[in-house]
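Below: input_35.cif (mmCIF, C-alpha atoms)
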data_input
#
loop_
_atom_site.label_atom_id
_atom_site.label_comp_id
_atom_site.auth_asym_id
_atom_site.auth_seq_id
_atom_site.Cartn_x
_atom_site.Cartn_y
_atom_site.Cartn_z
CA MET A 1 -15.87 -8.29 19.21
CA GLN A 2 -15.47 -7.85 22.91
CA HIS A 3 -11.71 -8.22 23.24
CA ASN A 4 -9.63 -6.84 20.44
CA TRP A 5 -6.19 -8.31 20.01
CA PRO A 6 -3.65 -5.84 21.37
CA LEU A 7 -1.22 -3.96 19.15
CA TRP A 8 2.47 -4.93 19.05
CA GLU A 9 5.46 -2.99 17.73
CA ILE A 10 7.78 -5.11 15.62
CA PHE A 11 11.58 -4.82 15.50
CA ILE A 12 13.67 -6.83 13.07
CA ARG A 13 17.38 -7.57 12.87
CA SER A 14 18.00 -7.81 9.14
CA LYS A 15 21.47 -9.34 9.43
CA GLN A 16 23.62 -10.77 12.19
CA GLY A 17 25.66 -7.89 13.63
CA LEU A 18 23.11 -5.16 12.93
CA ASP A 19 20.61 -3.49 15.30
CA HIS A 20 16.98 -4.48 15.54
CA LYS A 21 15.02 -1.81 13.69
CA HIS A 22 11.39 -0.81 14.02
CA VAL A 23 9.45 -1.99 10.95
CA GLY A 24 5.81 -1.48 11.88
CA SER A 25 3.09 -2.95 14.03
CA LEU A 26 0.46 -5.66 14.04
CA HIS A 27 -2.29 -7.17 16.18
CA ALA A 28 -1.86 -10.49 18.00
CA ALA A 29 -3.37 -12.24 21.01
CA ASP A 30 0.00 -12.87 22.69
CA ALA A 31 3.75 -12.52 22.18
CA GLU A 32 4.15 -15.89 20.54
CA MET A 33 1.50 -15.09 17.95
CA ALA A 34 2.97 -11.63 17.46
CA ILE A 35 6.34 -13.18 16.58
CA GLU A 36 4.78 -15.66 14.16
CA ASN A 37 2.64 -12.99 12.53
CA ALA A 38 5.66 -10.69 12.29
CA ARG A 39 7.51 -13.44 10.45
CA ASP A 40 4.65 -13.74 7.95
CA VAL A 41 4.02 -10.03 7.55
CA TYR A 42 7.52 -8.56 7.68
CA THR A 43 10.00 -11.28 6.60
CA ARG A 44 8.46 -12.96 3.55
CA ARG A 45 11.64 -12.27 1.59
CA MET A 46 14.33 -13.12 4.12
CA GLU A 47 14.35 -9.60 5.57
CA GLY A 48 15.19 -10.83 9.07
CA VAL A 49 17.23 -13.17 11.23
CA SER A 50 15.72 -12.10 14.55
CA ILE A 51 12.46 -10.53 15.70
CA TRP A 52 11.57 -8.51 18.81
CA VAL A 53 7.95 -7.74 19.67
CA VAL A 54 6.84 -5.22 22.29
CA GLU A 55 3.24 -4.56 23.19
CA SER A 56 2.64 -1.00 22.01
CA LYS A 57 1.20 0.17 25.34
CA TYR A 58 4.64 -0.33 26.92
CA VAL A 59 6.39 2.06 24.54
CA HIS A 60 6.94 5.51 26.02
CA ALA A 61 7.88 8.33 23.69
CA SER A 62 9.26 11.85 23.95
CA ASN A 63 6.81 14.60 23.16
CA PRO A 64 7.32 16.10 19.68
CA ASP A 65 5.88 19.45 20.83
CA ASP A 66 8.79 19.80 23.29
CA ALA A 67 11.43 18.79 20.75
CA GLY A 68 12.93 22.28 20.56
CA ALA A 69 13.62 22.72 24.26
CA PHE A 70 14.25 19.03 24.86
CA TYR A 71 17.18 18.74 22.44
CA ASP A 72 18.41 22.27 22.98
CA PRO A 73 21.18 21.37 25.48
CA ALA A 74 23.20 19.68 22.71
CA ASN A 75 22.68 22.49 20.27
CA ASP A 76 25.54 24.81 21.33
CA LYS A 77 28.23 22.21 21.97
CA VAL A 78 30.10 22.04 18.70
CA TYR A 79 33.24 21.20 20.70
CA ARG A 80 31.89 17.66 20.97
CA HIS A 81 32.72 17.13 17.30
CA PRO A 82 36.24 16.37 16.03
CA THR A 83 36.03 19.05 13.33
CA PHE A 84 35.86 21.80 16.00
CA TYR A 85 39.62 21.55 16.61
CA ASP A 86 41.96 23.51 14.38
CA LEU A 87 45.08 21.45 13.67
CA PRO A 88 47.87 21.79 11.05
CA ASP A 89 47.49 19.84 7.79
CA GLU A 90 50.89 18.22 8.35
CA LEU A 91 49.51 16.31 11.31
CA LYS A 92 48.87 12.76 10.07
CA HIS A 93 46.98 9.76 11.38
CA MET A 94 44.62 11.70 13.63
CA MET B 1 3.62 30.87 14.78
CA SER B 2 0.29 29.05 14.52
CA PHE B 3 0.09 25.25 14.57
CA GLU B 4 -1.31 25.34 11.06
CA LYS B 5 1.62 27.38 9.79
CA THR B 6 4.22 25.20 11.51
CA PHE B 7 2.58 22.17 9.94
CA GLN B 8 2.48 23.59 6.42
CA ASP B 9 6.09 24.82 6.73
CA LYS B 10 7.20 21.30 7.57
CA VAL B 11 5.27 19.89 4.63
CA ASP B 12 6.73 22.53 2.29
CA GLN B 13 10.25 21.63 3.42
CA ASP B 14 9.56 17.93 2.87
CA ILE B 15 9.85 17.19 6.58
CA ARG B 16 7.65 14.16 7.29
CA ILE B 17 4.67 14.46 9.61
CA GLU B 18 4.61 11.77 12.31
CA PRO B 19 1.56 10.48 14.23
CA LYS B 20 2.10 12.54 17.38
CA ASP B 21 2.80 15.80 15.53
CA TRP B 22 0.04 18.38 15.34
CA MET B 23 -1.93 18.14 12.10
CA PRO B 24 -5.13 19.75 10.79
CA ASP B 25 -8.26 17.66 11.32
CA ALA B 26 -8.96 17.62 7.61
CA TYR B 27 -5.46 16.24 6.92
CA ARG B 28 -6.05 13.46 9.44
CA LYS B 29 -9.47 12.67 7.97
CA THR B 30 -8.22 12.68 4.40
CA LEU B 31 -5.40 10.32 5.32
CA ILE B 32 -7.65 7.96 7.25
CA ARG B 33 -10.02 7.82 4.29
CA GLN B 34 -7.28 7.32 1.72
CA ILE B 35 -5.17 4.83 3.68
CA SER B 36 -8.12 2.73 4.83
CA GLN B 37 -9.54 2.61 1.30
CA HIS B 38 -6.14 1.59 0.10
CA ALA B 39 -5.95 -1.16 2.76
CA HIS B 40 -9.43 -2.39 1.88
CA SER B 41 -8.41 -2.56 -1.79
CA GLU B 42 -5.46 -4.80 -0.95
CA ILE B 43 -7.65 -7.14 1.08
CA VAL B 44 -10.58 -7.26 -1.34
CA GLY B 45 -8.01 -7.54 -4.15
CA MET B 46 -7.09 -10.97 -2.83
CA LEU B 47 -10.47 -12.34 -3.89
CA PRO B 48 -10.39 -12.17 -7.71
CA GLU B 49 -6.95 -13.75 -7.76
CA ALA B 50 -7.58 -16.38 -5.11
CA ASN B 51 -10.26 -17.56 -7.54
CA TRP B 52 -7.50 -19.07 -9.73
CA ILE B 53 -5.18 -20.62 -7.13
CA THR B 54 -6.75 -24.07 -7.38
CA ARG B 55 -6.77 -23.94 -11.18
CA ALA B 56 -3.37 -22.43 -11.92
CA PRO B 57 -1.92 -24.24 -14.95
CA SER B 58 1.33 -25.36 -13.28
CA LEU B 59 2.94 -25.74 -9.88
CA LYS B 60 5.15 -22.72 -10.59
CA ARG B 61 2.15 -20.54 -11.43
CA LYS B 62 0.30 -21.79 -8.36
CA ALA B 63 3.23 -21.02 -6.02
CA THR B 64 3.58 -17.57 -7.61
CA LEU B 65 -0.11 -16.80 -7.28
CA ILE B 66 -0.18 -17.87 -3.62
CA ALA B 67 2.85 -15.67 -2.93
CA LYS B 68 1.17 -12.76 -4.66
CA VAL B 69 -2.08 -13.14 -2.72
CA GLN B 70 -0.06 -13.39 0.52
CA ASP B 71 1.69 -10.16 -0.44
CA GLU B 72 -1.68 -8.43 -0.89
CA ALA B 73 -2.66 -9.54 2.61
CA GLY B 74 0.63 -8.15 3.91
CA HIS B 75 0.08 -4.86 2.08
CA GLY B 76 -3.36 -4.54 3.62
CA LEU B 77 -1.85 -5.08 7.06
CA TYR B 78 0.93 -2.50 6.58
CA LEU B 79 -1.70 0.02 5.57
CA TYR B 80 -4.19 -0.74 8.34
CA SER B 81 -1.34 -0.26 10.83
CA ALA B 82 -0.39 3.05 9.23
CA ALA B 83 -4.02 4.25 9.46
CA GLU B 84 -4.25 3.14 13.09
CA THR B 85 -1.48 5.58 14.03
CA LEU B 86 -3.99 8.33 13.15
CA GLY B 87 -6.36 7.20 15.89
CA ILE B 88 -8.84 4.92 14.15
CA SER B 89 -9.11 1.29 15.28
CA ARG B 90 -8.83 -1.77 13.05
CA ASP B 91 -12.34 -2.80 14.06
CA GLU B 92 -13.76 0.56 13.07
CA MET B 93 -12.12 0.38 9.66
CA LEU B 94 -13.37 -3.15 9.02
CA GLY B 95 -16.83 -2.07 10.13
CA GLN B 96 -16.75 0.77 7.59
CA LEU B 97 -15.71 -1.63 4.83
CA HIS B 98 -18.43 -4.12 5.70
CA SER B 99 -21.17 -1.50 5.93
CA GLY B 100 -20.10 0.03 2.61
CA LYS B 101 -19.23 3.36 4.23
CA THR B 102 -15.68 3.29 2.89
CA LYS B 103 -14.93 2.06 -0.59
CA TYR B 104 -12.21 -0.05 -2.12
CA SER B 105 -10.81 0.23 -5.63
CA SER B 106 -13.64 -0.48 -8.05
CA ILE B 107 -11.33 -2.55 -10.25
CA PHE B 108 -11.89 -5.52 -7.96
CA ASN B 109 -15.57 -5.58 -8.80
CA TYR B 110 -14.80 -7.12 -12.18
CA PRO B 111 -14.77 -10.92 -12.52
CA THR B 112 -11.72 -13.05 -13.35
CA ILE B 113 -13.15 -15.45 -15.89
CA THR B 114 -10.07 -16.92 -17.59
CA TRP B 115 -6.49 -17.71 -16.62
CA ALA B 116 -5.32 -14.86 -18.85
CA ASP B 117 -7.00 -12.48 -16.38
CA MET B 118 -4.21 -13.31 -13.91
CA GLY B 119 -1.77 -12.01 -16.49
CA ALA B 120 -3.80 -8.92 -17.34
CA ILE B 121 -4.31 -8.04 -13.67
CA GLY B 122 -0.58 -8.31 -12.99
CA TRP B 123 0.40 -6.26 -16.00
CA LEU B 124 -2.35 -3.64 -16.11
CA VAL B 125 -3.98 -3.45 -12.68
CA ASP B 126 -0.75 -3.81 -10.70
CA GLY B 127 0.95 -1.63 -13.31
CA ALA B 128 -1.56 1.16 -12.73
CA ALA B 129 -1.30 0.65 -8.97
CA ILE B 130 2.49 0.99 -9.11
CA MET B 131 2.17 4.18 -11.16
CA ASN B 132 -0.07 5.56 -8.40
CA GLN B 133 1.97 4.20 -5.52
CA VAL B 134 5.53 5.15 -6.36
CA PRO B 135 4.90 8.88 -5.69
CA LEU B 136 3.16 7.92 -2.43
CA CYS B 137 6.53 6.67 -1.12
CA ARG B 138 7.26 10.40 -0.67
CA ALA B 139 3.90 11.24 0.91
CA SER B 140 4.13 13.73 3.77
CA PHE B 141 2.78 11.34 6.43
CA GLY B 142 5.66 9.15 7.68
CA PRO B 143 3.89 5.86 8.44
CA TYR B 144 2.05 5.93 5.09
CA ALA B 145 5.22 6.71 3.13
CA ARG B 146 7.14 3.94 4.90
CA ALA B 147 4.37 1.40 4.23
CA MET B 148 4.38 2.42 0.58
CA VAL B 149 8.14 1.90 0.24
CA ARG B 150 7.70 -1.66 1.42
CA ILE B 151 4.70 -2.22 -0.84
CA CYS B 152 6.37 -0.83 -3.96
CA LYS B 153 9.38 -3.10 -3.48
CA GLU B 154 7.12 -6.13 -3.44
CA GLU B 155 4.71 -4.97 -6.13
CA SER B 156 7.31 -5.10 -8.87
CA PHE B 157 7.28 -8.90 -9.01
CA HIS B 158 3.48 -8.81 -9.29
CA GLN B 159 3.61 -6.83 -12.48
CA ARG B 160 6.46 -8.82 -14.00
CA GLN B 161 4.86 -12.20 -13.36
CA GLY B 162 1.64 -10.89 -14.94
CA PHE B 163 3.38 -9.76 -18.08
CA GLU B 164 5.18 -13.11 -18.25
CA ILE B 165 1.85 -14.97 -18.13
CA LEU B 166 0.60 -12.91 -21.09
CA LEU B 167 3.88 -13.31 -22.94
CA VAL B 168 3.66 -17.10 -22.71
CA LEU B 169 0.02 -17.06 -23.87
CA SER B 170 0.88 -14.69 -26.72
CA LYS B 171 3.32 -17.28 -28.07
CA GLY B 172 0.90 -20.15 -27.62
CA SER B 173 -1.92 -21.66 -29.67
CA GLU B 174 -4.52 -19.64 -31.50
CA ALA B 175 -6.96 -20.22 -28.61
CA GLN B 176 -4.38 -19.00 -26.08
CA ARG B 177 -3.68 -15.90 -28.16
CA ARG B 178 -7.40 -15.17 -28.31
CA MET B 179 -7.68 -15.62 -24.56
CA CYS B 180 -4.77 -13.22 -24.06
CA GLN B 181 -6.32 -10.52 -26.27
CA ASP B 182 -9.72 -10.97 -24.64
CA ALA B 183 -8.28 -10.41 -21.15
CA ILE B 184 -6.48 -7.25 -22.30
CA ASP B 185 -9.69 -6.02 -23.92
CA ARG B 186 -11.67 -6.46 -20.70
CA TRP B 187 -9.08 -5.06 -18.26
CA TRP B 188 -7.80 -2.09 -20.25
CA TRP B 189 -10.51 0.48 -19.60
CA PRO B 190 -11.12 -0.40 -15.96
CA SER B 191 -7.34 -0.05 -15.42
CA VAL B 192 -7.33 3.36 -17.11
CA MET B 193 -10.16 4.38 -14.76
CA MET B 194 -8.13 3.34 -11.71
CA PHE B 195 -6.47 6.77 -11.70
CA GLY B 196 -9.79 8.31 -10.73
CA PRO B 197 -11.87 11.13 -12.23
CA ASN B 198 -10.41 13.77 -14.54
CA ASP B 199 -8.57 16.56 -12.74
CA ASP B 200 -11.38 19.08 -13.22
CA ALA B 201 -13.81 16.60 -11.60
CA SER B 202 -11.57 15.75 -8.66
CA PRO B 203 -12.37 18.31 -5.96
CA ASN B 204 -10.09 16.98 -3.21
CA SER B 205 -6.98 16.87 -5.34
CA GLU B 206 -5.82 20.43 -4.79
CA LEU B 207 -5.69 20.15 -1.03
CA SER B 208 -4.01 16.75 -1.22
CA MET B 209 -1.35 18.28 -3.46
CA ARG B 210 -0.78 21.16 -1.05
CA TRP B 211 -0.41 18.65 1.79
CA LYS B 212 1.90 16.52 -0.37
CA ILE B 213 -0.21 13.44 0.09
CA LYS B 214 -0.52 13.51 -3.67
CA ARG B 215 2.37 14.54 -5.94
CA PHE B 216 0.87 14.15 -9.41
CA SER B 217 -2.65 14.68 -10.69
CA ASN B 218 -4.93 11.83 -11.80
CA ASP B 219 -4.63 12.82 -15.45
CA GLU B 220 -0.85 13.11 -15.33
CA LEU B 221 -0.49 9.60 -13.93
CA ARG B 222 -3.08 8.19 -16.34
CA GLN B 223 -1.22 9.66 -19.31
CA LYS B 224 2.05 8.20 -18.07
CA PHE B 225 0.44 4.77 -17.71
CA ILE B 226 -1.06 4.85 -21.20
CA ASP B 227 2.21 5.97 -22.80
CA VAL B 228 4.05 3.07 -21.16
CA CYS B 229 1.43 0.42 -21.98
CA VAL B 230 1.16 1.34 -25.66
CA GLU B 231 4.81 0.40 -26.05
CA GLN B 232 4.63 -2.70 -23.85
CA VAL B 233 1.66 -4.23 -25.65
CA LYS B 234 3.74 -4.37 -28.85
CA LEU B 235 5.99 -6.98 -27.20
CA LEU B 236 2.94 -9.18 -26.81
CA GLY B 237 1.88 -8.71 -30.40
CA MET B 238 -1.54 -7.74 -29.02
CA THR B 239 -3.55 -4.51 -29.21
CA LEU B 240 -5.21 -2.17 -26.73
CA PRO B 241 -8.98 -1.78 -27.27
CA ASP B 242 -8.92 1.93 -28.13
CA PRO B 243 -9.10 2.96 -31.80
CA ASP B 244 -8.23 6.55 -30.86
CA LEU B 245 -4.76 5.76 -29.48
CA LYS B 246 -2.40 7.86 -31.55
CA TRP B 247 1.01 9.44 -30.96
CA ASN B 248 0.73 13.20 -30.62
CA GLU B 249 4.04 14.68 -31.76
CA GLU B 250 3.28 18.10 -30.31
CA LYS B 251 2.35 16.87 -26.83
CA GLN B 252 4.89 14.02 -26.91
CA HIS B 253 2.17 11.77 -25.53
CA TYR B 254 -0.41 9.34 -26.86
CA ASP B 255 -3.90 10.69 -27.44
CA PHE B 256 -6.61 8.31 -26.30
CA GLY B 257 -10.37 7.85 -26.65
CA PRO B 258 -13.11 9.01 -24.28
CA ILE B 259 -13.45 7.22 -20.92
CA ASP B 260 -16.86 5.83 -20.00
CA TRP B 261 -17.33 7.65 -16.69
CA GLU B 262 -20.89 6.39 -16.47
CA GLU B 263 -19.56 2.87 -16.06
CA PHE B 264 -17.05 4.10 -13.47
CA LYS B 265 -19.77 5.78 -11.40
CA ASN B 266 -21.99 2.77 -11.73
CA VAL B 267 -19.35 0.34 -10.44
CA ILE B 268 -18.30 2.68 -7.62
CA SER B 269 -21.87 3.07 -6.44
CA GLY B 270 -22.26 -0.67 -6.07
CA ASN B 271 -23.60 -1.91 -9.39
CA GLY B 272 -20.49 -3.52 -10.87
CA PRO B 273 -20.55 -7.18 -11.84
CA CYS B 274 -19.12 -8.44 -8.51
CA ASN B 275 -19.72 -5.76 -5.84
CA LYS B 276 -22.16 -7.81 -3.81
CA GLU B 277 -20.16 -11.02 -4.08
CA ARG B 278 -16.90 -9.34 -2.98
CA LEU B 279 -18.38 -7.62 0.04
CA ALA B 280 -20.32 -10.72 1.05
CA ALA B 281 -17.11 -12.77 0.94
CA ARG B 282 -15.34 -10.27 3.23
CA VAL B 283 -18.21 -10.11 5.71
CA GLN B 284 -18.51 -13.89 5.77
CA ALA B 285 -14.77 -14.35 6.41
CA HIS B 286 -14.91 -11.80 9.23
CA GLU B 287 -17.96 -13.29 10.90
CA GLU B 288 -16.85 -16.89 10.56
CA GLY B 289 -13.44 -15.98 11.96
CA ALA B 290 -14.89 -14.31 15.07
CA TRP B 291 -14.70 -17.44 17.23
CA VAL B 292 -11.02 -17.92 16.30
CA ARG B 293 -10.18 -14.37 17.36
CA GLU B 294 -12.08 -14.80 20.63
CA ALA B 295 -10.56 -18.21 21.34
CA ALA B 296 -7.02 -16.92 20.75
CA MET B 297 -7.65 -14.04 23.14
CA ALA B 298 -9.16 -16.34 25.79
CA HIS B 299 -6.19 -18.69 25.47
CA ALA B 300 -3.73 -15.80 25.85
CA GLU B 301 -5.56 -14.54 28.94
CA LYS B 302 -5.59 -18.00 30.49
CA LYS B 303 -1.86 -18.48 29.90
CA ASN B 304 -1.21 -15.06 31.36
CA LYS B 305 -3.15 -15.91 34.51
CA GLU B 306 -1.28 -19.20 34.92
CA LYS B 307 2.02 -17.37 34.55
CA ASN B 308 1.07 -14.78 37.15
CA ALA B 309 -0.14 -17.45 39.58
CA ALA B 310 3.07 -19.48 39.31
#

Just give me the structure of the file as C-alpha cells.
Amino acid sequence: MQHNWPLWEIFIRSKQGLDHKHVGSLHAADAEMAIENARDVYTRRMEGVSIWVVESKYVHASNPDDAGAFYDPANDKVYRHPTFYDLPDELKHM
Amino acid sequence: MSFEKTFQDKVDQDIRIEPKDWMPDAYRKTLIRQISQHAHSEIVGMLPEANWITRAPSLKRKATLIAKVQDEAGHGLYLYSAAETLGISRDEMLGQLHSGKTKYSSIFNYPTITWADMGAIGWLVDGAAIMNQVPLCRASFGPYARAMVRICKEESFHQRQGFEILLVLSKGSEAQRRMCQDAIDRWWWPSVMMFGPNDDASPNSELSMRWKIKRFSNDELRQKFIDVCVEQVKLLGMTLPDPDLKWNEEKQHYDFGPIDWEEFKNVISGNGPCNKERLAARVQAHEEGAWVREAAMAHAEKKNKEKNAA
C-alpha cells in the first residue's frame, strides 16, 4: 500500500466531569474516521461519553533519559506540601 | 551504571518499561514477536467463530457471537497498537502474518463443525487464553500490560457464554448431549497444548521470566487449567477425553495423560486441518480491502486540500 493510514492517539472521557484519559491508538484516514473507529474499538461497553483524537505525529513528549535532571527542581521542596508544617494537635479545621 | 543494568533494575522493582525507555534489542524483538503473534491470533481467531454467525440457533446467540467476534477484532487492534510502539509498522506485521513468517495460535487451525464447538471454544479455548493472559496484565512492558488489562476484562464474558452454551446442550436431548461431549472431546487436547511446549523444551522461557514478560511457566499454567476444568466438567455431566486424569493427593494436582506433541508440531508447521484455509481467508480480506483503504486515504487528502484552499 502506498499511503498508510496515519496513527491517532485516542483520549476518552469515561464520565461527565472527569478528564479525558489516553486509552491507546489506532489507524484512520482522517479525524472523523478516527473518532468512529475509536468508538468501535474503545467504547463497546459504554466506556465513554466523549472522545478526543490527536494525530500521533503532533504529540511531543519529554525525554525519559533526562527524567532525573528534568524533575529534579521539585525534588528538594518539601515545603510545598501541607505536612511540612509542624502545628499543635489542638488546632482544628486546618 | 550501564543501560542494561538500569533496565534490569527497573524490571526487578516492577517498574514498567515504556516505549521510549532504553531496552535490550532482544527484549524488543521478543516482545514484537510475542505481541504480534498474539494480535494475529485474535484476528485469525475471528474466522472459526464467524463460521457460525449465520447459523446461530437463536437471535440471542447470534447477537452474542457477533459481539464476541467484534471483541476479538478489538483485541487484535489493541495488541497491534502495543507492538507498533516498539517500532514495527502495522503493514510489516500483516506482511509477516500473510507470508507465514510469524505464527498465530495453532488452536485456530481446527475446524468448527457443530454449534457445540462455539460452546467448547468459549469454555476451553478462551479459558486457556485467560489463564495465559491474566499474568500478562503485569508484564513489564507498559503498553502490552495495559492492552492485556482491557482484553482480560472483556474475555470473561467469552468464557461464560461458552460454558452456558454447553450447559444448555448438556440438559437437552440425547443428540444434543452427544454433540456437547463430541465438541469437548475434540477441543480438549488442542486447548491443553495452547500453553506451549513443556518447560524443558521451551528455550526462550527463562529469559522471558527474567524480563517479567512471563510470570509462570507453560507447565504451571497448564496444570492450573487442567485442575480447574476437571471440576467444571462435572457441572456439565460430561467427561474429559483423558483416561489418565486422576487426583494426586501428594502433589495436590490432577495427573494427566501424555500430550501428543507430534500433532502440535504438525499443526504449527502448517499441516493442521485448516491452516491453508485460515491464511487464505486473511490474505483475501487484506487484498480485497486494499481499494477501500486507498479510497479512504484519497478522500481524506482531497478534503484536506479543499480545507486548506478555503

Residues near B:Ile88, anyone? I mean within 10 Å using only C-alpha atoms, not counting same-chain ones fewer than 5 positions away, as a VMD selection string. chain B and resid 29 32 36 80 to 83 93

Evaluate the PyMOL selection byres ((chain A and resi 56) around 9) and report residues as a ChimeraX atom specification: /A:6-9,25,53-55,57-60

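Put simply, the PyMOL selection byres ((chain A) within 7 of (chain B)) on this file hits Trp5, Ser25, Leu26, Ala29, Asp30, Val41 and Pro64 of chain A.
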
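Nearest to B:Leu97 of all the residues B:Leu59, B:Val44, B:Val11, B:Ile213 is B:Val44, counting only C-alpha atoms.
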
In Å to one decimal, how far is atom CA of B:Asp117 from atom CA of B:Met179?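 About the pair atom CA of B:Met179 and atom CA of B:Asp117: they are 8.8 Å apart.
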
Quick one: distance from atom CA of B:His98 to atom CA of B:Thr112 in Å, one decimal?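 Between these atoms lies a distance of 22.1 Å.
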
Produce the centre coordinates and the three edge lengths, each in Å to one decimal, of the box along x, y and z that contains all listed atoms of stretch 76-89 of chain B with 6 Å added on each side, as JSON.
{"center_x": -4.1, "center_y": 1.6, "center_z": 9.8, "size_x": 22.0, "size_y": 25.4, "size_z": 24.3}

Excluding B:Ala139 and residues on its chain fewer than 3 positions from it, collect all residues at most 6 Å away from it, counting only C-alpha atoms, and give them as an NGL selection string. :B and (136 or 145 or 212-213)

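The nearest approach to B:Ala129 among the residues B:Val292, B:Ile184, B:Ile226, B:Met194, with all atoms listed in the file taken into account, belongs to B:Met194.
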
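Atom CA of B:Ala120 lies 7.3 Å from atom CA of B:Phe163.
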
Can you pull out the residues contacting B:Trp211? Cut-off 8 Å, using all atoms listed in the file, and skip same-chain residues under 2 positions away; I want them as a list in words. Gln8, Val11, Tyr27, Ser140, Leu207, Ser208, Met209, Ile213 and Lys214 of chain B

Selection from above, C-alpha atoms, as a PDB file, in the frame of the given file, can you write it?
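The result, written out as again_1.pdb:
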ATOM      1  CA  GLN B   8       2.480  23.590   6.420  1.00  0.00           C
ATOM      2  CA  VAL B  11       5.270  19.890   4.630  1.00  0.00           C
ATOM      3  CA  TYR B  27      -5.460  16.240   6.920  1.00  0.00           C
ATOM      4  CA  SER B 140       4.130  13.730   3.770  1.00  0.00           C
ATOM      5  CA  LEU B 207      -5.690  20.150  -1.030  1.00  0.00           C
ATOM      6  CA  SER B 208      -4.010  16.750  -1.220  1.00  0.00           C
ATOM      7  CA  MET B 209      -1.350  18.280  -3.460  1.00  0.00           C
ATOM      8  CA  ILE B 213      -0.210  13.440   0.090  1.00  0.00           C
ATOM      9  CA  LYS B 214      -0.520  13.510  -3.670  1.00  0.00           C
TER      10      LYS B 214
END

Would you kindly translate the PyMOL selection byres ((chain B and resi 57) around 12) into the concrete residues it picks from this file, as a list in words?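 Here the PyMOL selection byres ((chain B and resi 57) around 12) matches Trp52, Ile53, Thr54, Arg55, Ala56, Ser58, Leu59, Lys60, Arg61, Lys62, Ala63, Thr64, Leu65, Thr114, Trp115, Ala116, Met118, Ile165, Val168 and Leu169 of chain B.
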
Shell of 6 Å around stretch 11-14 of chain A, only C-alpha atoms, local chain residues under 4 positions omitted, as an MDAnalysis selection string: chainID A and resid 19:23 47:52

For B:Gln232, which of B:His158, B:Asn109, B:Leu167, B:Ala50 is the closest residue, counting all atoms listed in the file?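 With all atoms listed in the file as the atom set, the closest residue is B:Leu167.
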
Can you list, as a ChimeraX atom specification, every protein, DNA or RNA residue that comes within 10 Å of B:Thr102 when you count only C-alpha atoms, leaving out same-chain residues fewer than 5 positions away? /B:33-34,36-37,40,93-97

N, CA, C and O atoms modelled onto stretch 262-273 of chain B, as a CSV table (one decimal), in the coordinates of the input:
chain,number,residue,atom,x,y,z
B,262,GLU,N,-19.6,6.9,-17.0
B,262,GLU,CA,-20.9,6.4,-16.5
B,262,GLU,C,-20.7,5.0,-15.9
B,262,GLU,O,-21.1,4.7,-14.8
B,263,GLU,N,-19.9,4.2,-16.6
B,263,GLU,CA,-19.6,2.9,-16.1
B,263,GLU,C,-18.8,3.0,-14.7
B,263,GLU,O,-19.1,2.3,-13.8
B,264,PHE,N,-17.8,3.9,-14.7
B,264,PHE,CA,-17.0,4.1,-13.5
B,264,PHE,C,-18.0,4.4,-12.3
B,264,PHE,O,-17.9,3.8,-11.2
B,265,LYS,N,-18.9,5.4,-12.5
B,265,LYS,CA,-19.8,5.8,-11.4
B,265,LYS,C,-20.7,4.6,-11.0
B,265,LYS,O,-20.9,4.4,-9.8
B,266,ASN,N,-21.1,3.9,-12.0
B,266,ASN,CA,-22.0,2.8,-11.7
B,266,ASN,C,-21.3,1.7,-10.9
B,266,ASN,O,-21.9,1.2,-9.9
B,267,VAL,N,-20.1,1.4,-11.2
B,267,VAL,CA,-19.4,0.3,-10.4
B,267,VAL,C,-19.0,0.8,-9.0
B,267,VAL,O,-19.2,0.1,-8.1
B,268,ILE,N,-18.6,2.1,-8.9
B,268,ILE,CA,-18.3,2.7,-7.6
B,268,ILE,C,-19.5,2.7,-6.7
B,268,ILE,O,-19.4,2.4,-5.5
B,269,SER,N,-20.7,3.0,-7.3
B,269,SER,CA,-21.9,3.1,-6.4
B,269,SER,C,-22.5,1.7,-6.2
B,269,SER,O,-23.6,1.6,-5.7
B,270,GLY,N,-21.8,0.6,-6.5
B,270,GLY,CA,-22.3,-0.7,-6.1
B,270,GLY,C,-22.9,-1.6,-7.1
B,270,GLY,O,-23.3,-2.7,-6.8
B,271,ASN,N,-22.9,-1.1,-8.4
B,271,ASN,CA,-23.6,-1.9,-9.4
B,271,ASN,C,-22.7,-2.6,-10.4
B,271,ASN,O,-23.1,-2.9,-11.5
B,272,GLY,N,-21.4,-2.8,-10.0
B,272,GLY,CA,-20.5,-3.5,-10.9
B,272,GLY,C,-20.9,-5.0,-10.9
B,272,GLY,O,-21.7,-5.4,-10.1
B,273,PRO,N,-20.2,-5.8,-11.7
B,273,PRO,CA,-20.6,-7.2,-11.8
B,273,PRO,C,-20.4,-8.0,-10.5
B,273,PRO,O,-21.1,-8.9,-10.3
